[in-house]
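Data from work_29.cif: mmCIF, C-alpha atoms
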data_run
#
loop_
_atom_site.label_atom_id
_atom_site.label_comp_id
_atom_site.auth_asym_id
_atom_site.auth_seq_id
_atom_site.Cartn_x
_atom_site.Cartn_y
_atom_site.Cartn_z
CA MET A 1 6.73 -10.92 19.66
CA LEU A 2 3.72 -9.11 18.22
CA LYS A 3 4.81 -6.68 15.49
CA TYR A 4 2.39 -5.59 12.78
CA ALA A 5 3.22 -1.88 12.40
CA ASN A 6 6.55 -0.41 11.33
CA ASN A 7 6.81 1.82 14.38
CA ILE A 8 6.29 -0.96 16.95
CA MET A 9 9.77 -1.56 18.29
CA ASP A 10 8.97 -4.23 20.87
CA SER A 11 6.05 -6.08 22.43
CA GLN A 12 5.77 -8.46 25.35
CA ARG A 13 2.90 -10.37 26.85
CA TYR A 14 1.70 -8.85 30.09
CA PRO A 15 -0.25 -10.64 32.85
CA SER A 16 -3.97 -10.26 32.17
CA PRO A 17 -6.57 -10.39 34.94
CA ASN A 18 -9.11 -11.64 32.40
CA PRO A 19 -8.41 -14.97 30.63
CA ALA A 20 -10.52 -13.82 27.68
CA ILE A 21 -8.31 -10.77 27.01
CA ASP A 22 -4.67 -10.82 25.85
CA VAL A 23 -2.60 -7.91 27.15
CA PHE A 24 0.69 -6.72 25.66
CA LEU A 25 3.17 -4.10 26.80
CA ILE A 26 4.38 -2.50 23.59
CA THR A 27 7.08 0.02 22.75
CA TYR A 28 6.49 2.20 19.71
CA LEU A 29 8.25 5.06 18.01
CA SER A 30 6.77 8.56 18.31
CA ASP A 31 8.93 11.27 16.78
CA SER A 32 12.32 9.90 17.78
CA TYR A 33 11.16 8.61 21.17
CA ARG A 34 10.39 5.09 22.31
CA VAL A 35 7.00 5.28 24.03
CA LYS A 36 5.30 2.58 26.10
CA ALA A 37 1.66 1.51 25.90
CA PHE A 38 -0.71 -1.26 26.89
CA LEU A 39 -2.59 -3.13 24.19
CA ALA A 40 -5.60 -5.29 25.09
CA VAL A 41 -7.07 -7.72 22.53
CA PRO A 42 -10.19 -9.89 23.05
CA LYS A 43 -9.67 -13.58 22.33
CA TRP A 44 -13.18 -14.31 21.06
CA GLU A 45 -14.41 -13.97 17.49
CA PRO A 46 -15.24 -10.37 16.54
CA GLY A 47 -18.93 -9.65 16.24
CA THR A 48 -18.70 -7.18 13.37
CA GLU A 49 -19.76 -8.00 9.83
CA ASN A 50 -16.20 -7.81 8.49
CA GLY A 51 -14.82 -10.09 11.19
CA LYS A 52 -12.85 -7.39 13.00
CA PHE A 53 -13.13 -5.46 16.25
CA PRO A 54 -13.63 -1.72 16.59
CA GLY A 55 -10.52 0.08 17.86
CA PHE A 56 -10.43 2.07 21.08
CA LEU A 57 -7.73 4.66 21.76
CA TYR A 58 -7.58 5.21 25.54
CA LEU A 59 -5.96 8.51 26.52
CA ARG A 60 -5.07 8.67 30.20
CA GLY A 61 -5.24 11.58 32.57
CA GLY A 62 -2.68 13.01 34.95
CA ILE A 63 1.01 13.42 34.33
CA LYS A 64 3.89 11.04 34.99
CA GLY A 65 2.89 8.57 37.72
CA VAL A 66 -0.35 10.35 38.57
CA GLY A 67 -3.23 8.93 36.54
CA MET A 68 -1.10 6.20 34.94
CA VAL A 69 -2.85 3.61 32.75
CA ARG A 70 -4.16 0.65 34.76
CA VAL A 71 -4.56 -2.76 33.17
CA GLY A 72 -7.87 -3.29 34.94
CA ARG A 73 -9.27 -0.15 33.35
CA ILE A 74 -8.40 -1.05 29.78
CA ILE A 75 -9.72 -4.58 30.38
CA GLN A 76 -13.10 -2.99 31.14
CA PHE A 77 -13.25 -1.53 27.64
CA ALA A 78 -11.74 -4.56 25.88
CA SER A 79 -14.41 -6.70 27.56
CA GLU A 80 -17.00 -4.68 25.64
CA GLY A 81 -15.52 -5.94 22.37
CA PHE A 82 -12.80 -3.43 21.47
CA VAL A 83 -9.10 -3.68 20.75
CA VAL A 84 -7.78 -1.08 23.20
CA LEU A 85 -4.49 0.79 22.94
CA ALA A 86 -3.48 3.00 25.87
CA PRO A 87 -0.28 5.09 25.55
CA PHE A 88 1.63 5.98 28.72
CA TYR A 89 2.92 9.13 26.91
CA ARG A 90 6.59 9.88 26.43
CA GLY A 91 8.88 9.92 29.45
CA ASN A 92 6.80 7.47 31.47
CA CYS A 93 7.50 3.92 32.70
CA GLY A 94 10.80 3.65 30.88
CA GLY A 95 9.70 5.55 27.77
CA GLU A 96 11.97 8.19 26.29
CA GLY A 97 11.42 11.94 26.24
CA TYR A 98 9.39 14.15 28.58
CA ASP A 99 5.66 14.27 29.31
CA ASP A 100 4.54 17.59 27.83
CA PHE A 101 0.97 17.87 29.20
CA ALA A 102 -0.90 17.94 25.88
CA GLY A 103 2.02 19.55 24.04
CA GLU A 104 4.41 17.62 21.80
CA ASP A 105 3.24 14.40 23.47
CA ARG A 106 0.08 14.67 21.38
CA ILE A 107 2.16 12.93 18.71
CA ASP A 108 2.12 9.85 20.96
CA ALA A 109 -1.67 9.77 20.64
CA PHE A 110 -1.57 10.38 16.87
CA GLU A 111 0.86 7.50 16.33
CA ALA A 112 -1.19 5.21 18.58
CA PHE A 113 -4.27 5.95 16.47
CA GLU A 114 -2.37 4.85 13.37
CA ILE A 115 -1.11 1.70 15.11
CA LEU A 116 -4.70 0.73 15.85
CA LYS A 117 -5.58 1.24 12.18
CA GLU A 118 -2.84 -1.22 11.21
CA HIS A 119 -3.78 -3.91 13.72
CA PRO A 120 -4.92 -7.03 11.81
CA LEU A 121 -7.96 -7.51 14.07
CA VAL A 122 -9.15 -3.89 13.96
CA ASP A 123 -11.64 -2.38 11.54
CA ARG A 124 -9.59 0.64 10.42
CA ASP A 125 -12.77 2.59 9.65
CA ASN A 126 -14.19 2.06 13.12
CA ILE A 127 -11.76 3.58 15.63
CA HIS A 128 -12.98 5.51 18.66
CA ILE A 129 -11.15 7.96 20.92
CA PHE A 130 -11.66 8.11 24.67
CA GLY A 131 -10.06 10.57 27.07
CA PHE A 132 -10.29 10.85 30.84
CA SER A 133 -9.37 14.03 32.74
CA ARG A 134 -6.23 15.47 31.04
CA GLY A 135 -6.91 12.80 28.40
CA GLY A 136 -10.04 14.73 27.43
CA VAL A 137 -8.01 17.52 25.86
CA MET A 138 -5.74 14.89 24.28
CA ALA A 139 -8.81 13.19 22.78
CA LEU A 140 -10.11 16.43 21.27
CA ILE A 141 -6.70 17.33 19.85
CA THR A 142 -6.39 13.84 18.36
CA ALA A 143 -9.87 14.00 16.84
CA ILE A 144 -8.96 17.30 15.19
CA GLU A 145 -5.82 15.71 13.73
CA LYS A 146 -7.59 12.43 12.82
CA PRO A 147 -10.94 13.40 11.27
CA ASP A 148 -11.65 9.76 10.40
CA ALA A 149 -12.21 8.92 14.08
CA LYS A 150 -15.60 7.26 14.52
CA SER A 151 -16.51 8.90 17.84
CA ILE A 152 -14.99 10.82 20.73
CA VAL A 153 -15.76 10.45 24.44
CA THR A 154 -14.40 12.83 27.05
CA TRP A 155 -15.06 11.77 30.66
CA GLY A 156 -14.30 14.33 33.35
CA GLY A 157 -12.25 15.86 30.58
CA VAL A 158 -10.21 19.03 30.37
CA SER A 159 -11.26 21.26 27.48
CA SER A 160 -9.36 24.45 28.35
CA MET A 161 -5.83 24.68 29.71
CA PHE A 162 -6.53 28.30 30.66
CA LEU A 163 -9.34 27.16 32.95
CA THR A 164 -7.22 24.33 34.36
CA TYR A 165 -4.53 26.83 35.36
CA GLU A 166 -7.12 29.11 36.91
CA GLU A 167 -8.94 26.49 38.97
CA ARG A 168 -6.09 24.15 39.97
CA GLU A 169 -3.70 26.09 42.16
CA ASP A 170 -1.95 22.83 43.06
CA LEU A 171 -1.00 22.30 39.40
CA ARG A 172 0.27 25.78 38.62
CA ARG A 173 3.91 25.10 39.47
CA MET A 174 3.92 22.00 37.25
CA MET A 175 2.13 23.82 34.41
CA LYS A 176 4.53 26.76 34.51
CA ARG A 177 7.48 24.37 34.43
CA VAL A 178 6.15 22.11 31.65
CA ILE A 179 4.41 24.73 29.51
CA GLY A 180 6.97 27.46 30.07
CA GLY A 181 5.10 30.08 32.06
CA THR A 182 1.68 31.36 33.03
CA PRO A 183 -1.23 31.93 30.62
CA ALA A 184 -0.51 35.66 30.87
CA LYS A 185 3.15 35.17 29.96
CA VAL A 186 2.84 32.53 27.21
CA PRO A 187 -0.81 32.58 26.07
CA ASP A 188 0.03 30.98 22.70
CA ARG A 189 1.29 27.85 24.43
CA TYR A 190 -1.94 27.52 26.39
CA SER A 191 -3.99 28.20 23.26
CA TRP A 192 -2.12 25.44 21.42
CA ARG A 193 -3.11 23.04 24.19
CA THR A 194 -6.74 24.23 24.15
CA PRO A 195 -8.63 22.74 21.16
CA LEU A 196 -11.88 24.69 21.57
CA GLU A 197 -11.08 27.10 18.73
CA GLN A 198 -10.63 24.21 16.30
CA ILE A 199 -13.75 22.25 17.16
CA GLU A 200 -15.10 22.81 13.65
CA LYS A 201 -12.47 20.31 12.42
CA ILE A 202 -14.04 17.44 14.39
CA ASN A 203 -16.23 15.24 12.21
CA ALA A 204 -17.34 12.56 14.65
CA PRO A 205 -20.06 12.69 17.31
CA VAL A 206 -18.83 13.66 20.79
CA LEU A 207 -20.02 12.33 24.12
CA ILE A 208 -19.39 14.52 27.17
CA ILE A 209 -19.48 12.74 30.55
CA HIS A 210 -18.93 14.73 33.73
CA GLY A 211 -19.66 14.72 37.44
CA ALA A 212 -21.22 17.99 38.54
CA GLN A 213 -19.33 17.82 41.85
CA ASP A 214 -15.94 17.35 40.16
CA LYS A 215 -13.24 19.38 41.92
CA ASN A 216 -10.33 18.08 39.80
CA VAL A 217 -11.78 19.18 36.45
CA SER A 218 -14.80 21.40 37.00
CA VAL A 219 -18.01 20.77 35.10
CA GLU A 220 -17.42 24.16 33.45
CA HIS A 221 -15.05 22.32 31.07
CA ALA A 222 -18.02 20.26 29.88
CA TYR A 223 -20.14 23.35 29.29
CA LEU A 224 -17.35 25.15 27.43
CA LEU A 225 -17.02 22.17 25.10
CA GLU A 226 -20.78 21.86 24.68
CA ASN A 227 -21.08 25.52 23.71
CA LYS A 228 -18.37 25.19 21.05
CA LEU A 229 -19.90 22.02 19.62
CA LYS A 230 -23.30 23.68 19.51
CA GLU A 231 -21.84 26.81 17.90
CA HIS A 232 -20.43 24.75 15.04
CA GLY A 233 -23.45 22.49 14.63
CA LYS A 234 -21.63 19.35 15.73
CA ARG A 235 -23.48 16.27 16.94
CA TYR A 236 -22.95 15.58 20.60
CA SER A 237 -24.48 13.99 23.69
CA LYS A 238 -24.02 15.17 27.25
CA TRP A 239 -24.32 13.05 30.40
CA ILE A 240 -23.94 15.16 33.53
CA PHE A 241 -24.10 13.22 36.81
CA GLU A 242 -25.25 15.65 39.48
CA ASP A 243 -24.11 13.66 42.53
CA TYR A 244 -20.64 12.53 41.44
CA THR A 245 -17.11 13.91 41.52
CA HIS A 246 -14.11 13.14 39.29
CA TYR A 247 -14.35 9.47 40.24
CA PHE A 248 -17.62 7.58 40.06
CA PRO A 249 -18.59 4.76 42.45
CA PRO A 250 -17.51 1.33 41.07
CA GLN A 251 -20.97 0.08 40.14
CA VAL A 252 -21.92 3.36 38.48
CA ASN A 253 -18.55 3.36 36.71
CA ARG A 254 -19.20 -0.09 35.26
CA THR A 255 -22.66 0.93 34.06
CA VAL A 256 -21.34 4.11 32.42
CA VAL A 257 -18.60 2.09 30.66
CA GLN A 258 -21.27 -0.22 29.22
CA ASP A 259 -23.45 2.71 28.21
CA LEU A 260 -20.69 4.74 26.55
CA THR A 261 -19.38 1.75 24.58
CA LEU A 262 -22.95 1.05 23.44
CA TRP A 263 -23.18 4.71 22.38
CA MET A 264 -19.97 4.23 20.37
CA LYS A 265 -21.21 1.06 18.68
CA ASN A 266 -24.47 2.77 17.76
CA GLY A 267 -22.74 5.55 15.90
CA GLY A 268 -23.11 8.21 18.57
CA TYR A 269 -26.65 7.38 19.63
CA TYR A 270 -27.89 5.69 22.77
CA PRO A 271 -30.65 3.20 21.85
CA GLU A 272 -33.10 4.39 24.50
CA THR A 273 -32.96 8.06 23.52
#

Starting from the file, give its structure as C-alpha cells.
Amino acid sequence: MLKYANNIMDSQRYPSPNPAIDVFLITYLSDSYRVKAFLAVPKWEPGTENGKFPGFLYLRGGIKGVGMVRVGRIIQFASEGFVVLAPFYRGNCGGEGYDDFAGEDRIDAFEAFEILKEHPLVDRDNIHIFGFSRGGVMALITAIEKPDAKSIVTWGGVSSMFLTYEEREDLRRMMKRVIGGTPAKVPDRYSWRTPLEQIEKINAPVLIIHGAQDKNVSVEHAYLLENKLKEHGKRYSKWIFEDYTHYFPPQVNRTVVQDLTLWMKNGGYYPET
C-alpha cells in the first residue's frame, strides 16, 4: 500500500490503460471526511534536473456522478510527464460527506495539493493546478489559497457562480439546495464561491481555455476572468476556440492537452508565441 503522507488513509492499485503509468485509488482525510481520488504516476525516469516530476492537481467538473474523474483523462496528463492527483470531492464514489459545489469541498482540493507536495517523486516547487468546468472555479480558489502553485489552467471553467445560476436554468434547483438559496437570497454564499474579487492573491500565470460555442459554461466566464486578471496586472494567456463547445473533438482535445502541458512546463509561456 502506497502511503507517503499522513492524511492518506488507504491506497490500492487500479487498472491502468497505459502500461507506462501506474494508477492508484487513494483515500485521504479532508477535514474529518475520507475522500477518494485517483493518482497517476509515470513509470519512466523523470526528465527534470532534480530527478522528480512536476505535480498536476486535476480538479473535475460537474457534481456527484456528473463529470466524474475518468482514468483515461488523467492518463492523458500523466503521459505528458506529470504526477497527477484527481480528487472525486467529498461524498462521491464511497467518500464521506457531501459535495458542496465549490463550498467546503474546496478543502479537498487544498489537501490534495499538499499531498502532491509530499509525494517522493514530485518536485514540491513545481505543482500546477488544472480545472475543467466547475473545476475552473475550484482551481482559482485553490490558487488563491496556495500561492506557491506554479501555474493555473481553467478549461471551459466557471469563474462566477452568479453567472452560472443566471445562465443554467437546469442547475438552479441543485444550486438552491446545495448553496442554500438563490443569489438574491444568499448573495454572500455565492460570493464565497466566486473568486474574482480575490484574483490579486494569485501569483502564478493563468491560462484560460474556452470554446466560444460553449452552452454549459458560457465564454463570458472566460472574459470575466480575463478582465480581473488584467485589472490586477496578472500574467495570463487566453485560448478561445471559436468553433467548439464545452467538449472539444478528440483530436483537438489531444493537441490542446499537449499544448497546455507545454505551456505549464515553460513557466506560463508557449514556445511559439

Open item on the list: At a cut-off of 12 Å, using all atoms listed in the file, what residues contact A:Asn253? Leave out same-chain residues fewer than 6 positions from it and give the result as a count of residues only.
Closed with: 14

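Across A:Lys43, A:Phe110, A:Tyr33, A:Gly72, the tightest approach to A:Arg90 is made by A:Tyr33 when counting only C-alpha atoms.
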
Task: Surrounding residues of A:Ala78 excluding itself and chain neighbours under 3 positions, 12 Å, only C-alpha atoms, as a PyMOL selection string - done: chain A and resi 16-23+38-44+46+53-58+71-75+81-86+257-258+261

Could those selected residues go to a file with C-alpha atoms, as a short mmCIF file (atom, residue, chain, number, x, y, z; two decimals), in the coordinates of the input?
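File produced: out-v4.cif:
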data_model
loop_
_atom_site.label_atom_id
_atom_site.label_comp_id
_atom_site.auth_asym_id
_atom_site.auth_seq_id
_atom_site.Cartn_x
_atom_site.Cartn_y
_atom_site.Cartn_z
CA SER A 16 -3.97 -10.26 32.17
CA PRO A 17 -6.57 -10.39 34.94
CA ASN A 18 -9.11 -11.64 32.40
CA PRO A 19 -8.41 -14.97 30.63
CA ALA A 20 -10.52 -13.82 27.68
CA ILE A 21 -8.31 -10.77 27.01
CA ASP A 22 -4.67 -10.82 25.85
CA VAL A 23 -2.60 -7.91 27.15
CA PHE A 38 -0.71 -1.26 26.89
CA LEU A 39 -2.59 -3.13 24.19
CA ALA A 40 -5.60 -5.29 25.09
CA VAL A 41 -7.07 -7.72 22.53
CA PRO A 42 -10.19 -9.89 23.05
CA LYS A 43 -9.67 -13.58 22.33
CA TRP A 44 -13.18 -14.31 21.06
CA PRO A 46 -15.24 -10.37 16.54
CA PHE A 53 -13.13 -5.46 16.25
CA PRO A 54 -13.63 -1.72 16.59
CA GLY A 55 -10.52 0.08 17.86
CA PHE A 56 -10.43 2.07 21.08
CA LEU A 57 -7.73 4.66 21.76
CA TYR A 58 -7.58 5.21 25.54
CA VAL A 71 -4.56 -2.76 33.17
CA GLY A 72 -7.87 -3.29 34.94
CA ARG A 73 -9.27 -0.15 33.35
CA ILE A 74 -8.40 -1.05 29.78
CA ILE A 75 -9.72 -4.58 30.38
CA GLY A 81 -15.52 -5.94 22.37
CA PHE A 82 -12.80 -3.43 21.47
CA VAL A 83 -9.10 -3.68 20.75
CA VAL A 84 -7.78 -1.08 23.20
CA LEU A 85 -4.49 0.79 22.94
CA ALA A 86 -3.48 3.00 25.87
CA VAL A 257 -18.60 2.09 30.66
CA GLN A 258 -21.27 -0.22 29.22
CA THR A 261 -19.38 1.75 24.58
#

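Applied to this file, the PyMOL selection byres ((chain A and resi 270) around 12) selects the residues Pro205, Leu207, Tyr236, Ser237, Lys238, Trp239, Val256, Gln258, Asp259, Leu260, Thr261, Leu262, Trp263, Met264, Lys265, Asn266, Gly267, Gly268, Tyr269, Pro271, Glu272 and Thr273 of chain A.
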
Residue members of the PyMOL selection byres ((chain A and resi 117) around 12) in the file shown, as a PDB file with C-alpha atoms, in the coordinates of the input:
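Saved to part_33.pdb:
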ATOM      1  CA  TYR A   4       2.390  -5.590  12.780  1.00  0.00           C
ATOM      2  CA  ALA A   5       3.220  -1.880  12.400  1.00  0.00           C
ATOM      3  CA  LYS A  52     -12.850  -7.390  13.000  1.00  0.00           C
ATOM      4  CA  PHE A  53     -13.130  -5.460  16.250  1.00  0.00           C
ATOM      5  CA  PRO A  54     -13.630  -1.720  16.590  1.00  0.00           C
ATOM      6  CA  GLY A  55     -10.520   0.080  17.860  1.00  0.00           C
ATOM      7  CA  PHE A  56     -10.430   2.070  21.080  1.00  0.00           C
ATOM      8  CA  LEU A  57      -7.730   4.660  21.760  1.00  0.00           C
ATOM      9  CA  VAL A  83      -9.100  -3.680  20.750  1.00  0.00           C
ATOM     10  CA  VAL A  84      -7.780  -1.080  23.200  1.00  0.00           C
ATOM     11  CA  LEU A  85      -4.490   0.790  22.940  1.00  0.00           C
ATOM     12  CA  PHE A 110      -1.570  10.380  16.870  1.00  0.00           C
ATOM     13  CA  GLU A 111       0.860   7.500  16.330  1.00  0.00           C
ATOM     14  CA  ALA A 112      -1.190   5.210  18.580  1.00  0.00           C
ATOM     15  CA  PHE A 113      -4.270   5.950  16.470  1.00  0.00           C
ATOM     16  CA  GLU A 114      -2.370   4.850  13.370  1.00  0.00           C
ATOM     17  CA  ILE A 115      -1.110   1.700  15.110  1.00  0.00           C
ATOM     18  CA  LEU A 116      -4.700   0.730  15.850  1.00  0.00           C
ATOM     19  CA  GLU A 118      -2.840  -1.220  11.210  1.00  0.00           C
ATOM     20  CA  HIS A 119      -3.780  -3.910  13.720  1.00  0.00           C
ATOM     21  CA  PRO A 120      -4.920  -7.030  11.810  1.00  0.00           C
ATOM     22  CA  LEU A 121      -7.960  -7.510  14.070  1.00  0.00           C
ATOM     23  CA  VAL A 122      -9.150  -3.890  13.960  1.00  0.00           C
ATOM     24  CA  ASP A 123     -11.640  -2.380  11.540  1.00  0.00           C
ATOM     25  CA  ARG A 124      -9.590   0.640  10.420  1.00  0.00           C
ATOM     26  CA  ASP A 125     -12.770   2.590   9.650  1.00  0.00           C
ATOM     27  CA  ASN A 126     -14.190   2.060  13.120  1.00  0.00           C
ATOM     28  CA  ILE A 127     -11.760   3.580  15.630  1.00  0.00           C
ATOM     29  CA  HIS A 128     -12.980   5.510  18.660  1.00  0.00           C
ATOM     30  CA  LYS A 146      -7.590  12.430  12.820  1.00  0.00           C
ATOM     31  CA  ASP A 148     -11.650   9.760  10.400  1.00  0.00           C
ATOM     32  CA  ALA A 149     -12.210   8.920  14.080  1.00  0.00           C
ATOM     33  CA  LYS A 150     -15.600   7.260  14.520  1.00  0.00           C
TER      34      LYS A 150
END

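Picture a line from atom CA of A:Phe88 to atom CA of A:Ser191; it runs 23.6 Å.
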
Task: Nearest to A:Thr255, chosen from A:Arg60, A:Glu80, A:Asn50, A:Ser11, with only C-alpha atoms counted in the distances - done: A:Glu80

- [ ] Excluding A:Leu59 and residues on its chain fewer than 6 positions from it, collect all residues at most 8 Å away from it, counting all atoms listed in the file, and give them as a count of residues only.
- [x] 11

Taking a cut-off of 10 Å and counting all atoms listed in the file, can you build a table that, for each residue of stretch 81-126 of chain A near stretch 160-178 of chain A, reports the nearest atom pair and how far apart they are in Å (one decimal), sorted by chain then residue number, as CSV?
residue,atom,partner,partner_atom,distance
A:Tyr98,CA,A:Val178,CA,9.1
A:Asp99,CA,A:Val178,CA,8.2
A:Asp100,CA,A:Val178,CA,6.1
A:Phe101,CA,A:Val178,CA,7.1
A:Ala102,CA,A:Met161,CA,9.2
A:Gly103,CA,A:Val178,CA,9.0

TODO: Enumerate, as a ChimeraX atom specification, the protein, DNA and RNA residues whose atoms approach (-10.5, 15.5, 19.2) to within 10 Å, taking into account all atoms listed in the file and the coordinate frame of the file.
DONE: /A:129-131,136-147,149,151-154,195-196,198-199,201-204,206
